[in-house]
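> The structure under discussion is supplied below as structure tokens; questions concerning it will follow.
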Amino acid sequence: MSEVRLAAEQRTEFGKGAARRTRRAGKIPAVLYGHGSDPKHLALPALEFARVVREHGQNAVLTLALDGAAELALTKTVTTHPIKNYIEHVDLLLVKRGEKVTVEVPLVISGEPASGTLLTQDLSTIQIESDAMNIPDQIELSIAGVTAGTQIHASDLTLPAGAVLITDADALVVAVNEAPSAAQLEGDEAAPAAEATEES
């Protein structure tokens with residue numbers, strides 16, 4: 001993961017009205033906390049930060065240029081407006097080089113299981129502990145040619161060097177089952193109709 005530099009400003013106004021004014025000025029309200037320091041209320045450039053999330057994912061590590069100093073920060077929480085889809089607020093965690101952090105990483109499944117099977121995915125992210133400067137963008141799992149009856153658990157995933165699994169090792173990630181036949185599907189659809197006929 002490459003490091004990204006962003007200019008940050010201290011915020012002196014707080015509350016909903018202040019947050020709206022910050023967003024109208026093309027900035028995102030943010031809070032920087034961690035390492036026992038008092039939280040710092042910041043404003044980040046909205047377009048640049050949105051591009052960082054798009055290109056580097058939700059676990060982007062930023063070098064914040066703040067009051068003439070540089071602070072390393074991990075993106076912890078990005079709150080997006082549910083309808084208008086703009087970023088409303090960001091929580092950032094102070095980190096140091098070489099420090100271990102616990103993060104949620106997206107799980108990306110590739111390939112197609114064996115013919116005649118049905119894939120069920122139980123987890124879309126997994127939690128790992130990783131070097132703050134070396135967080136993977138995603139964890140990949142290939143299911144190419146996997147046969148019916150196969151279950152893949154968190155412990156079966158291949159993690160990058162230095163990463164440690166935090167998610168329960170027994171947690172089910174995907175299950176590959178035999179796909180129902182056309183006759184079975186027709187039978188399932190016919191059953192409610194038959195029950196309705198019996199009741200009437």
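So you can find residues: chains in the structure tokens are A, B, ... in the order shown, residues in each start at 1, and ligands are numbered from 1 in order.
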Contacts of Leu32 (chain A) at 6 Å or less, counting only C-alpha atoms, minus same-chain residues fewer than 6 places along, as a PyMOL selection string?
chain A and resi 39-40+92-93
> Residues of region 29-199 of chain A in alpha helix (DSSP H) according to DSSP, as a count of residues only?
29
> Using only C-alpha atoms, which residue out of A:Ile166, A:Ala148, A:Leu94, A:Ile28 lies closest to Ile128 (chain A)?
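Looking at the shortest contact to Ile128 (chain A), the residue is A:Ile166.
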> Could you give me, as a PyMOL selection string, the residues within 7 Å of region 50-60 of chain A, counting only C-alpha atoms and dropping anything in the same chain fewer than 4 positions from it?
chain A and resi 46+74-76+137
> Please, could you write that set of residues out with N, CA and C atoms as a compact mmCIF listing (two decimals), in the first residue's frame?

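For reference, result27.txt as written:
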```txt
# COMPACT_ATOMS: atom_id res chain seq x y z
N ALA A 46 -12.12 17.32 0.34
CA ALA A 46 -13.11 16.28 0.01
C ALA A 46 -12.76 15.49 -1.25
N LEU A 74 -4.27 6.17 10.00
CA LEU A 74 -5.00 5.09 9.32
C LEU A 74 -6.47 5.48 9.26
N THR A 75 -7.07 5.34 8.09
CA THR A 75 -8.50 5.59 7.94
C THR A 75 -9.26 4.47 8.65
N LYS A 76 -10.02 4.82 9.70
CA LYS A 76 -10.74 3.80 10.48
C LYS A 76 -12.21 3.70 10.09
N ASP A 137 -4.83 -4.45 0.30
CA ASP A 137 -6.09 -3.85 -0.18
C ASP A 137 -7.23 -4.86 -0.08
```
> Quick check, in Å to one decimal: how far apart do CA of Leu66 (chain A) and CA of Val95 (chain A) lie?
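So the answer is 14.9 Å.
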> Just the number, please: distance in Å from CA of Thr80 (chain A) to CA of Leu141 (chain A), one decimal.
28.0 Å
> Would you list, as a VMD selection string, the residues of region 30-185 of chain A that end up in strand (DSSP E) under DSSP run on this structure's backbone?
chain A and resid 30 to 34 37 to 45 61 to 66 69 to 80 87 to 94 100 to 110 117 to 121 125 to 131 139 to 142 150 to 153 164 to 165 172 to 178
> Store the residues picked out above, limited to C-alpha atoms, as a PDB file, in the first residue's frame.

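Output (out_35.pdb):
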```
ATOM      1  CA  ALA A  30     -12.606  14.394  10.502  1.00  0.00           C
ATOM      2  CA  VAL A  31     -11.336  13.392  13.948  1.00  0.00           C
ATOM      3  CA  LEU A  32      -7.781  12.168  14.549  1.00  0.00           C
ATOM      4  CA  TYR A  33      -7.219  10.156  17.742  1.00  0.00           C
ATOM      5  CA  GLY A  34      -4.934   7.506  19.252  1.00  0.00           C
ATOM      6  CA  SER A  37      -3.397  12.061  22.670  1.00  0.00           C
ATOM      7  CA  ASP A  38      -6.396  14.401  22.748  1.00  0.00           C
ATOM      8  CA  PRO A  39      -8.592  14.023  19.659  1.00  0.00           C
ATOM      9  CA  LYS A  40      -7.895  16.588  16.946  1.00  0.00           C
ATOM     10  CA  HIS A  41     -10.797  17.931  14.898  1.00  0.00           C
ATOM     11  CA  LEU A  42      -9.704  18.331  11.287  1.00  0.00           C
ATOM     12  CA  ALA A  43     -10.980  19.254   7.839  1.00  0.00           C
ATOM     13  CA  LEU A  44      -9.734  17.179   4.884  1.00  0.00           C
ATOM     14  CA  PRO A  45      -9.986  18.127   1.190  1.00  0.00           C
ATOM     15  CA  VAL A  61      -2.754   5.229   5.445  1.00  0.00           C
ATOM     16  CA  LEU A  62      -2.391   8.993   5.106  1.00  0.00           C
ATOM     17  CA  THR A  63       0.495  11.338   5.776  1.00  0.00           C
ATOM     18  CA  LEU A  64      -1.320  14.416   7.052  1.00  0.00           C
ATOM     19  CA  ALA A  65       0.407  17.757   6.628  1.00  0.00           C
ATOM     20  CA  LEU A  66      -0.836  19.536   9.758  1.00  0.00           C
ATOM     21  CA  ALA A  69       4.268  18.714  10.933  1.00  0.00           C
ATOM     22  CA  ALA A  70       3.453  15.318   9.370  1.00  0.00           C
ATOM     23  CA  GLU A  71       1.192  12.806  11.125  1.00  0.00           C
ATOM     24  CA  LEU A  72       0.661   9.201   9.977  1.00  0.00           C
ATOM     25  CA  ALA A  73      -2.987   8.201  10.184  1.00  0.00           C
ATOM     26  CA  LEU A  74      -4.999   5.093   9.324  1.00  0.00           C
ATOM     27  CA  THR A  75      -8.499   5.595   7.936  1.00  0.00           C
ATOM     28  CA  LYS A  76     -10.737   3.801  10.477  1.00  0.00           C
ATOM     29  CA  THR A  77     -14.320   4.819   9.679  1.00  0.00           C
ATOM     30  CA  VAL A  78     -15.752   6.564   6.626  1.00  0.00           C
ATOM     31  CA  THR A  79     -19.376   7.687   7.111  1.00  0.00           C
ATOM     32  CA  THR A  80     -21.230   8.188   3.827  1.00  0.00           C
ATOM     33  CA  ILE A  87     -18.599  11.376   2.590  1.00  0.00           C
ATOM     34  CA  GLU A  88     -20.018  12.989   5.743  1.00  0.00           C
ATOM     35  CA  HIS A  89     -17.298  12.278   8.298  1.00  0.00           C
ATOM     36  CA  VAL A  90     -14.033  10.396   8.768  1.00  0.00           C
ATOM     37  CA  ASP A  91     -12.380   8.869  11.847  1.00  0.00           C
ATOM     38  CA  LEU A  92      -8.594   8.609  11.649  1.00  0.00           C
ATOM     39  CA  LEU A  93      -6.248   6.669  13.944  1.00  0.00           C
ATOM     40  CA  LEU A  94      -2.714   7.862  14.665  1.00  0.00           C
ATOM     41  CA  LYS A 100       0.575  -3.417  14.244  1.00  0.00           C
ATOM     42  CA  VAL A 101      -3.073  -2.512  13.644  1.00  0.00           C
ATOM     43  CA  THR A 102      -6.290  -4.534  13.430  1.00  0.00           C
ATOM     44  CA  VAL A 103      -8.318  -3.880  10.271  1.00  0.00           C
ATOM     45  CA  GLU A 104     -11.231  -5.265   8.236  1.00  0.00           C
ATOM     46  CA  VAL A 105     -10.092  -6.256   4.750  1.00  0.00           C
ATOM     47  CA  PRO A 106     -12.420  -7.054   1.814  1.00  0.00           C
ATOM     48  CA  LEU A 107     -12.527 -10.666   0.655  1.00  0.00           C
ATOM     49  CA  VAL A 108     -12.485 -11.045  -3.139  1.00  0.00           C
ATOM     50  CA  ILE A 109     -13.547 -14.372  -4.654  1.00  0.00           C
ATOM     51  CA  SER A 110     -12.309 -15.323  -8.109  1.00  0.00           C
ATOM     52  CA  THR A 117     -22.646 -26.420  -7.974  1.00  0.00           C
ATOM     53  CA  LEU A 118     -24.001 -23.440  -6.055  1.00  0.00           C
ATOM     54  CA  LEU A 119     -21.744 -21.051  -4.135  1.00  0.00           C
ATOM     55  CA  THR A 120     -22.811 -19.489  -0.828  1.00  0.00           C
ATOM     56  CA  GLN A 121     -20.590 -16.713   0.568  1.00  0.00           C
ATOM     57  CA  THR A 125     -14.554  -9.138   4.881  1.00  0.00           C
ATOM     58  CA  ILE A 126     -12.111 -10.640   7.367  1.00  0.00           C
ATOM     59  CA  GLN A 127     -10.319  -9.077  10.292  1.00  0.00           C
ATOM     60  CA  ILE A 128      -6.529  -9.272  10.367  1.00  0.00           C
ATOM     61  CA  GLU A 129      -3.636  -7.772  12.284  1.00  0.00           C
ATOM     62  CA  SER A 130      -1.067  -6.221   9.974  1.00  0.00           C
ATOM     63  CA  ASP A 131       1.809  -3.767   9.856  1.00  0.00           C
ATOM     64  CA  ILE A 139      -7.585 -10.902   0.444  1.00  0.00           C
ATOM     65  CA  GLU A 140      -8.159 -13.096  -2.603  1.00  0.00           C
ATOM     66  CA  LEU A 141      -9.706 -16.553  -2.614  1.00  0.00           C
ATOM     67  CA  SER A 142      -9.838 -18.671  -5.765  1.00  0.00           C
ATOM     68  CA  THR A 150     -16.474 -28.091  -0.064  1.00  0.00           C
ATOM     69  CA  GLN A 151     -16.410 -25.649   2.841  1.00  0.00           C
ATOM     70  CA  ILE A 152     -13.691 -23.010   3.130  1.00  0.00           C
ATOM     71  CA  HIS A 153     -13.082 -21.493   6.558  1.00  0.00           C
ATOM     72  CA  VAL A 164      -2.286 -12.539  11.400  1.00  0.00           C
ATOM     73  CA  LEU A 165      -5.907 -13.748  11.265  1.00  0.00           C
ATOM     74  CA  LEU A 172     -17.261 -20.214   7.381  1.00  0.00           C
ATOM     75  CA  VAL A 173     -16.186 -18.108   4.395  1.00  0.00           C
ATOM     76  CA  VAL A 174     -17.817 -19.985   1.497  1.00  0.00           C
ATOM     77  CA  ALA A 175     -19.669 -23.252   0.979  1.00  0.00           C
ATOM     78  CA  VAL A 176     -20.008 -25.000  -2.370  1.00  0.00           C
ATOM     79  CA  ASN A 177     -23.068 -27.239  -2.600  1.00  0.00           C
ATOM     80  CA  GLU A 178     -24.709 -29.259  -5.315  1.00  0.00           C
TER      81      GLU A 178
END
```
> Of the candidates A:Ala8, A:Ala179, A:Ile143, A:Ile135, which one gets nearest to Gly68 (chain A) if we count only C-alpha atoms?
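Of the candidates, the smallest distance to Gly68 (chain A) is held by A:Ala8.
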> Quick one, how far is CA of Gln138 (chain A) from CA of Asp156 (chain A)?
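Distance between the two atoms: 15.5 Å.
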